[in-house]
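> What follows is the file entry08.txt, containing compact mmCIF, C-alpha atoms:
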```txt
# COMPACT_ATOMS: atom_id res chain seq x y z
CA MET A 1 34.08 -31.64 17.41
CA HIS A 2 31.90 -34.10 15.63
CA MET A 3 28.90 -32.63 13.90
CA HIS A 4 26.31 -34.45 11.87
CA LYS A 5 26.31 -33.49 8.20
CA PHE A 6 22.63 -32.46 8.34
CA GLU A 7 23.36 -30.28 11.34
CA LYS A 8 25.88 -28.32 9.28
CA VAL A 9 23.31 -27.99 6.48
CA TRP A 10 20.65 -26.35 8.66
CA LEU A 11 23.12 -24.15 10.52
CA ILE A 12 24.41 -22.76 7.23
CA PHE A 13 20.84 -22.38 5.92
CA GLY A 14 19.78 -20.44 9.03
CA THR A 15 22.88 -18.25 9.07
CA VAL A 16 22.56 -17.35 5.39
CA ALA A 17 18.84 -16.51 5.79
CA LEU A 18 19.62 -14.28 8.79
CA LEU A 19 22.41 -12.50 6.89
CA VAL A 20 20.09 -11.85 3.91
CA PHE A 21 17.36 -10.41 6.17
CA LEU A 22 19.84 -8.18 8.02
CA THR A 23 21.40 -6.99 4.73
CA VAL A 24 17.98 -5.93 3.41
CA LEU A 25 17.37 -4.06 6.68
CA GLY A 26 20.81 -2.43 6.52
CA VAL A 27 20.40 -1.29 2.90
CA SER A 28 16.95 0.11 3.75
CA ALA A 29 18.28 2.07 6.73
CA PHE A 30 21.73 3.25 5.64
CA TYR A 31 21.45 3.43 1.83
CA LEU A 32 17.77 4.29 1.29
CA GLY A 33 17.66 6.39 4.47
CA ASN A 34 14.50 4.85 5.95
CA GLN A 35 14.00 5.71 9.60
CA PRO A 36 11.32 5.27 12.25
CA PRO A 37 8.39 7.73 11.91
CA SER A 38 9.25 9.25 15.28
CA CYS A 39 12.89 10.15 15.04
CA LEU A 40 14.28 12.56 17.66
CA VAL A 41 11.85 15.47 17.12
CA THR A 42 10.26 16.35 20.45
CA ILE A 43 7.48 18.67 21.65
CA ASP A 44 5.98 19.63 25.01
CA PRO A 45 2.76 17.54 25.07
CA GLU A 46 1.00 20.13 27.27
CA LYS A 47 1.68 22.93 24.79
CA VAL A 48 0.67 21.18 21.57
CA GLU A 49 -2.19 23.65 20.95
CA VAL A 50 0.14 26.65 21.01
CA THR A 51 3.11 25.09 19.23
CA ALA A 52 3.46 25.52 15.47
CA PRO A 53 2.45 23.75 13.27
CA PHE A 54 0.09 21.92 15.64
CA ASN A 55 -1.80 25.09 16.62
CA ALA A 56 -3.51 24.89 13.21
CA PRO A 57 -3.91 21.27 12.03
CA GLY A 58 -4.74 20.74 8.35
CA LEU A 59 -3.28 20.56 4.87
CA TYR A 60 -0.73 23.15 3.75
CA GLU A 61 0.87 23.56 0.34
CA VAL A 62 4.63 24.04 0.52
CA THR A 63 7.21 25.00 -2.08
CA GLY A 64 10.90 24.21 -2.44
CA LYS A 65 10.68 20.89 -0.63
CA ASP A 66 10.68 17.26 -1.76
CA TRP A 67 6.96 17.07 -0.96
CA ASP A 68 4.01 19.19 -2.21
CA TYR A 69 1.91 19.35 0.95
CA GLU A 70 2.34 19.10 4.68
CA LEU A 71 -0.55 17.47 6.50
CA VAL A 72 -0.61 18.34 10.20
CA PHE A 73 -2.57 16.03 12.48
CA VAL A 74 -3.20 16.23 16.22
CA ALA A 75 -4.56 13.15 17.96
CA SER A 76 -6.34 13.26 21.29
CA ALA A 77 -8.75 10.98 23.14
CA PHE A 78 -10.77 10.08 21.06
CA SER A 79 -10.48 12.00 17.81
CA TYR A 80 -8.14 13.36 15.17
CA SER A 81 -7.92 16.95 14.09
CA PRO A 82 -8.74 17.52 11.23
CA ALA A 83 -11.64 15.05 11.05
CA LYS A 84 -11.61 15.08 7.24
CA VAL A 85 -9.20 16.41 4.67
CA GLU A 86 -9.08 16.56 0.85
CA ILE A 87 -5.84 15.88 -0.97
CA PRO A 88 -5.27 16.32 -4.75
CA LYS A 89 -4.51 13.02 -6.48
CA GLY A 90 -0.85 12.28 -7.22
CA SER A 91 0.56 14.71 -4.68
CA THR A 92 3.37 13.89 -2.31
CA VAL A 93 2.40 14.61 1.27
CA LYS A 94 4.41 14.73 4.46
CA VAL A 95 2.21 13.76 7.37
CA ILE A 96 3.32 15.44 10.60
CA ALA A 97 1.49 14.28 13.69
CA THR A 98 1.61 14.16 17.46
CA SER A 99 -0.56 13.31 20.45
CA LYS A 100 -1.94 15.62 23.14
CA ASP A 101 -2.54 12.99 25.81
CA VAL A 102 -1.81 9.28 25.57
CA ILE A 103 -0.23 7.07 22.93
CA HIS A 104 -2.39 6.85 19.80
CA GLY A 105 -1.95 5.03 16.53
CA PHE A 106 -2.10 6.56 13.06
CA GLU A 107 -2.76 4.08 10.31
CA ILE A 108 -4.05 4.91 6.85
CA ALA A 109 -5.74 1.59 6.15
CA GLY A 110 -4.26 -0.33 3.22
CA THR A 111 -1.09 1.76 2.95
CA ASN A 112 2.37 1.76 4.48
CA VAL A 113 1.48 4.79 6.61
CA ASN A 114 1.35 3.28 10.07
CA MET A 115 2.92 5.04 13.01
CA MET A 116 2.64 5.52 16.74
CA LEU A 117 1.82 8.99 18.03
CA GLU A 118 3.51 9.37 21.39
CA PRO A 119 2.99 12.35 23.70
CA GLY A 120 6.18 14.42 23.56
CA PHE A 121 7.29 13.17 20.15
CA VAL A 122 6.55 14.25 16.59
CA SER A 123 5.94 11.47 14.05
CA GLU A 124 6.44 12.07 10.33
CA TYR A 125 5.85 10.01 7.21
CA THR A 126 6.15 11.11 3.58
CA THR A 127 3.90 9.35 1.10
CA ARG A 128 2.21 9.82 -2.28
CA PHE A 129 -1.53 9.51 -2.83
CA ASN A 130 -2.04 7.93 -6.26
CA ASN A 131 -5.50 6.42 -5.93
CA GLU A 132 -8.66 8.48 -5.98
CA GLY A 133 -11.17 7.81 -3.23
CA GLU A 134 -11.59 7.79 0.48
CA ASN A 135 -8.88 6.61 2.86
CA LEU A 136 -9.69 5.68 6.42
CA ILE A 137 -7.37 6.71 9.23
CA ILE A 138 -7.70 4.58 12.32
CA CYS A 139 -6.15 4.43 15.76
CA ASN A 140 -4.41 1.09 16.22
CA GLU A 141 -3.01 1.63 19.72
CA TYR A 142 -5.54 1.05 22.46
CA CYS A 143 -6.04 4.51 24.00
CA GLY A 144 -9.15 4.21 26.19
CA VAL A 145 -12.89 3.54 26.17
CA GLY A 146 -13.48 5.49 22.93
CA HIS A 147 -10.60 3.87 21.03
CA HIS A 148 -12.82 2.08 18.51
CA MET A 149 -14.62 5.35 17.64
CA MET A 150 -11.40 7.16 16.80
CA SER A 151 -11.02 7.76 13.07
CA SER A 152 -10.50 10.37 10.39
CA ARG A 153 -10.75 10.46 6.62
CA ILE A 154 -8.54 11.50 3.74
CA GLU A 155 -10.39 12.12 0.49
CA VAL A 156 -8.13 11.91 -2.55
CA VAL A 157 -9.68 14.04 -5.30
CA SER A 158 -8.67 14.64 -8.93
CA LYS A 159 -7.07 18.03 -9.52
CA MET B 1 30.96 -52.91 33.60
CA ALA B 2 27.66 -51.19 33.33
CA VAL B 3 28.74 -47.60 32.82
CA PRO B 4 30.77 -47.96 29.59
CA LYS B 5 27.98 -50.05 28.16
CA LEU B 6 25.54 -47.18 28.67
CA LYS B 7 27.97 -44.75 27.04
CA ASN B 8 28.24 -46.94 23.99
CA LYS B 9 24.49 -47.10 23.73
CA SER B 10 24.08 -43.31 23.76
CA GLN B 11 26.86 -42.89 21.19
CA THR B 12 25.07 -45.12 18.73
CA LYS B 13 21.94 -43.03 19.30
CA GLU B 14 23.79 -39.78 18.44
CA THR B 15 24.57 -41.02 14.96
CA SER B 16 20.93 -41.90 14.47
CA ASN B 17 18.89 -40.96 11.43
CA LEU B 18 18.31 -37.17 11.23
CA LYS B 19 16.51 -37.11 7.90
CA GLY B 20 13.18 -36.23 9.48
CA THR B 21 14.75 -33.46 11.54
CA LEU B 22 16.44 -32.02 8.46
CA ALA B 23 13.17 -32.10 6.55
CA SER B 24 11.24 -30.34 9.35
CA VAL B 25 13.92 -27.66 9.78
CA LEU B 26 14.01 -26.95 6.03
CA ILE B 27 10.19 -26.87 5.76
CA LEU B 28 10.00 -24.41 8.67
CA GLY B 29 12.80 -22.34 7.11
CA ILE B 30 11.08 -22.23 3.73
CA ILE B 31 7.76 -21.18 5.35
CA LEU B 32 9.57 -18.34 7.19
CA ILE B 33 11.24 -17.18 3.97
CA ILE B 34 7.96 -17.28 2.00
CA VAL B 35 6.15 -15.23 4.69
CA TRP B 36 9.04 -12.74 4.99
CA VAL B 37 9.29 -12.24 1.21
CA SER B 38 5.48 -11.89 0.80
CA ILE B 39 5.27 -9.19 3.47
CA TYR B 40 8.29 -7.43 1.98
CA PHE B 41 6.60 -7.37 -1.44
CA ILE B 42 3.36 -6.00 0.07
CA PHE B 43 5.47 -3.21 1.60
CA VAL B 44 7.30 -2.49 -1.68
CA ASN B 45 4.06 -2.49 -3.72
CA ARG B 46 2.51 0.06 -1.38
CA LEU B 47 5.49 2.43 -1.62
CA GLY B 48 4.30 3.64 -5.09
```
Here is the file; what I need is its structure written in the form of structure tokens.


Amino acid sequence: MHMHKFEKVWLIFGTVALLVFLTVLGVSAFYLGNQPPSCLVTIDPEKVEVTAPFNAPGLYEVTGKDWDYELVFVASAFSYSPAKVEIPKGSTVKVIATSKDVIHGFEIAGTNVNMMLEPGFVSEYTTRFNNEGENLIICNEYCGVGHHMMSSRIEVVSK
Amino acid sequence: MAVPKLKNKSQTKETSNLKGTLASVLILGIILIIVWVSIYFIFVNRLG
């Protein structure tokens, strides 16, 4: 088959670029162990209020784990519980969240924490809060008429 | 005959100049790589 020389050039260029992108993705998933925030943990969405730990949303100190605190969030139309939380600066926090009704978003603006909260699934993300100040949590999945009012705050305070 | 003549014409077109096409493909490729790498670095910087 005859192929123009330039055609070979851009086919090789495209293939190599694709292989590099997929390798980075593969290393991230299988070597670094990154996974989607919602990964196989399920919950009955009608019993969120009586299921631990979602019966008492808030910040809890834990010991003997890779993270210092567990931050439990419940999203519902159109608010988060808790509405505001204080976290000591420099602590590693595992955010555990779910939704009571429809799909909500959970994004801590300006950070990598950005996940979907789906009814029936538990979403988790472990992160470290290094910068003092207020962080805004917003819903970035359209959830109804009050979607734009839906927010919460994380205040990072010095120990 | 008319048909072979047409064939010859299209064959000469196939070997036409592809420099512009190569340039556009590479420019598009480089833009994609720059955007991909920038977003990846934003992600890595926020991991801290």

> Near Met150 (chain A), counting only C-alpha atoms, which residues have an atom at most 10 Å away, once you skip same-chain residues fewer than 5 positions from it, shown as a ChimeraX atom specification?

/A:75-80,83,104-105,137-140,143

> Could you tell me how far CA of Phe41 (chain B) lies from CA of Ile108 (chain A), in Å and to one decimal?

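Pair CA of Phe41 (chain B) / CA of Ile108 (chain A) returns 18.2 Å.
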
> Give me the residues within 6 Å of region 45-56 of chain A as a PDB file with C-alpha atoms, in the coordinates of the input, counting only C-alpha atoms and dropping any in the same chain fewer than 2 places off.


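Written out: selection-v3.pdb:
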```
ATOM      1  CA  ILE A  43       7.480  18.670  21.650  1.00  0.00           C
ATOM      2  CA  LYS A 100      -1.940  15.620  23.140  1.00  0.00           C
ATOM      3  CA  PRO A 119       2.990  12.350  23.700  1.00  0.00           C
ATOM      4  CA  GLY A 120       6.180  14.420  23.560  1.00  0.00           C
TER       5      GLY A 120
END
```

> Just want the 12 Å neighbourhood of Thr21 (chain B), counted on all atoms listed in the file, with same-chain residues fewer than 2 positions away dropped. Output as a count of residues only.

15

> Box in all listed atoms of region 57-74 of chain A, axis-aligned, with 6 Å more on each side; write out centre and edge lengths in Å to one decimal as AutoDock Vina command-line options.


```
--center_x 3.1 --center_y 20.5 --center_z 6.9 --size_x 27.6 --size_y 21.0 --size_z 30.7
```

> Have a look at CA of Thr92 (chain A) and CA of Gly58 (chain A) and let me know their distance in Å, one decimal.

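Computing the Euclidean distance for CA of Thr92 (chain A) and CA of Gly58 (chain A) yields 15.0 Å.
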
> State, in Å with one decimal place, the distance from CA of Ile33 (chain B) to CA of Glu107 (chain A).

26.2 Å

> With distances taken over only C-alpha atoms, which residue among A:Lys5, A:Lys159, A:Lys65, A:His147 lies nearest Lys89 (chain A)?

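Closest residue, counting only C-alpha atoms: A:Lys159.
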
> Could you give me, as a tab-separated table, a per-residue list for chain A showing, wherever an atom lies at most 10 Å from an atom of chain B, the closest pair of atoms and their distance in Å to one decimal, using all atoms listed in the file and sorting by chain then residue number from low to high?


```
residue	atom	partner	partner_atom	distance
A:Met3	CA	B:Thr15	CA	9.5
A:His4	CA	B:Thr15	CA	7.5
A:Lys5	CA	B:Leu18	CA	9.3
A:Phe6	CA	B:Leu22	CA	6.2
A:Glu7	CA	B:Leu22	CA	7.7
A:Val9	CA	B:Leu22	CA	8.2
A:Trp10	CA	B:Val25	CA	6.9
A:Leu11	CA	B:Val25	CA	9.9
A:Phe13	CA	B:Gly29	CA	8.1
A:Gly14	CA	B:Gly29	CA	7.5
A:Ala17	CA	B:Ile33	CA	7.8
A:Phe21	CA	B:Trp36	CA	8.7
A:Val24	CA	B:Tyr40	CA	9.9
A:Gly110	CA	B:Arg46	CA	8.2
A:Thr111	CA	B:Arg46	CA	5.9
A:Asn112	CA	B:Arg46	CA	6.1
A:Val113	CA	B:Arg46	CA	9.3
A:Thr127	CA	B:Leu47	CA	7.6
A:Arg128	CA	B:Gly48	CA	7.1
A:Phe129	CA	B:Gly48	CA	8.6
A:Asn130	CA	B:Gly48	CA	7.7
```

> Create the file for the chosen residues now, containing C-alpha atoms and written as a PDB file, in the frame of the given file.


```pdb
ATOM      1  CA  MET A   3      28.900 -32.630  13.900  1.00  0.00           C
ATOM      2  CA  HIS A   4      26.310 -34.450  11.870  1.00  0.00           C
ATOM      3  CA  LYS A   5      26.310 -33.490   8.200  1.00  0.00           C
ATOM      4  CA  PHE A   6      22.630 -32.460   8.340  1.00  0.00           C
ATOM      5  CA  GLU A   7      23.360 -30.280  11.340  1.00  0.00           C
ATOM      6  CA  VAL A   9      23.310 -27.990   6.480  1.00  0.00           C
ATOM      7  CA  TRP A  10      20.650 -26.350   8.660  1.00  0.00           C
ATOM      8  CA  LEU A  11      23.120 -24.150  10.520  1.00  0.00           C
ATOM      9  CA  PHE A  13      20.840 -22.380   5.920  1.00  0.00           C
ATOM     10  CA  GLY A  14      19.780 -20.440   9.030  1.00  0.00           C
ATOM     11  CA  ALA A  17      18.840 -16.510   5.790  1.00  0.00           C
ATOM     12  CA  PHE A  21      17.360 -10.410   6.170  1.00  0.00           C
ATOM     13  CA  VAL A  24      17.980  -5.930   3.410  1.00  0.00           C
ATOM     14  CA  GLY A 110      -4.260  -0.330   3.220  1.00  0.00           C
ATOM     15  CA  THR A 111      -1.090   1.760   2.950  1.00  0.00           C
ATOM     16  CA  ASN A 112       2.370   1.760   4.480  1.00  0.00           C
ATOM     17  CA  VAL A 113       1.480   4.790   6.610  1.00  0.00           C
ATOM     18  CA  THR A 127       3.900   9.350   1.100  1.00  0.00           C
ATOM     19  CA  ARG A 128       2.210   9.820  -2.280  1.00  0.00           C
ATOM     20  CA  PHE A 129      -1.530   9.510  -2.830  1.00  0.00           C
ATOM     21  CA  ASN A 130      -2.040   7.930  -6.260  1.00  0.00           C
TER      22      ASN A 130
END
```

> Residues within 8 Å of Glu70 (chain A), please, as a list in words. Count all atoms listed in the file; anything in the same chain fewer than 4 positions from it doesn't count.

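After dropping sequence-adjacent residues, the list is Leu59, Tyr60, Glu61, Val62, Val93, Lys94, Val95 and Ile96 of chain A.
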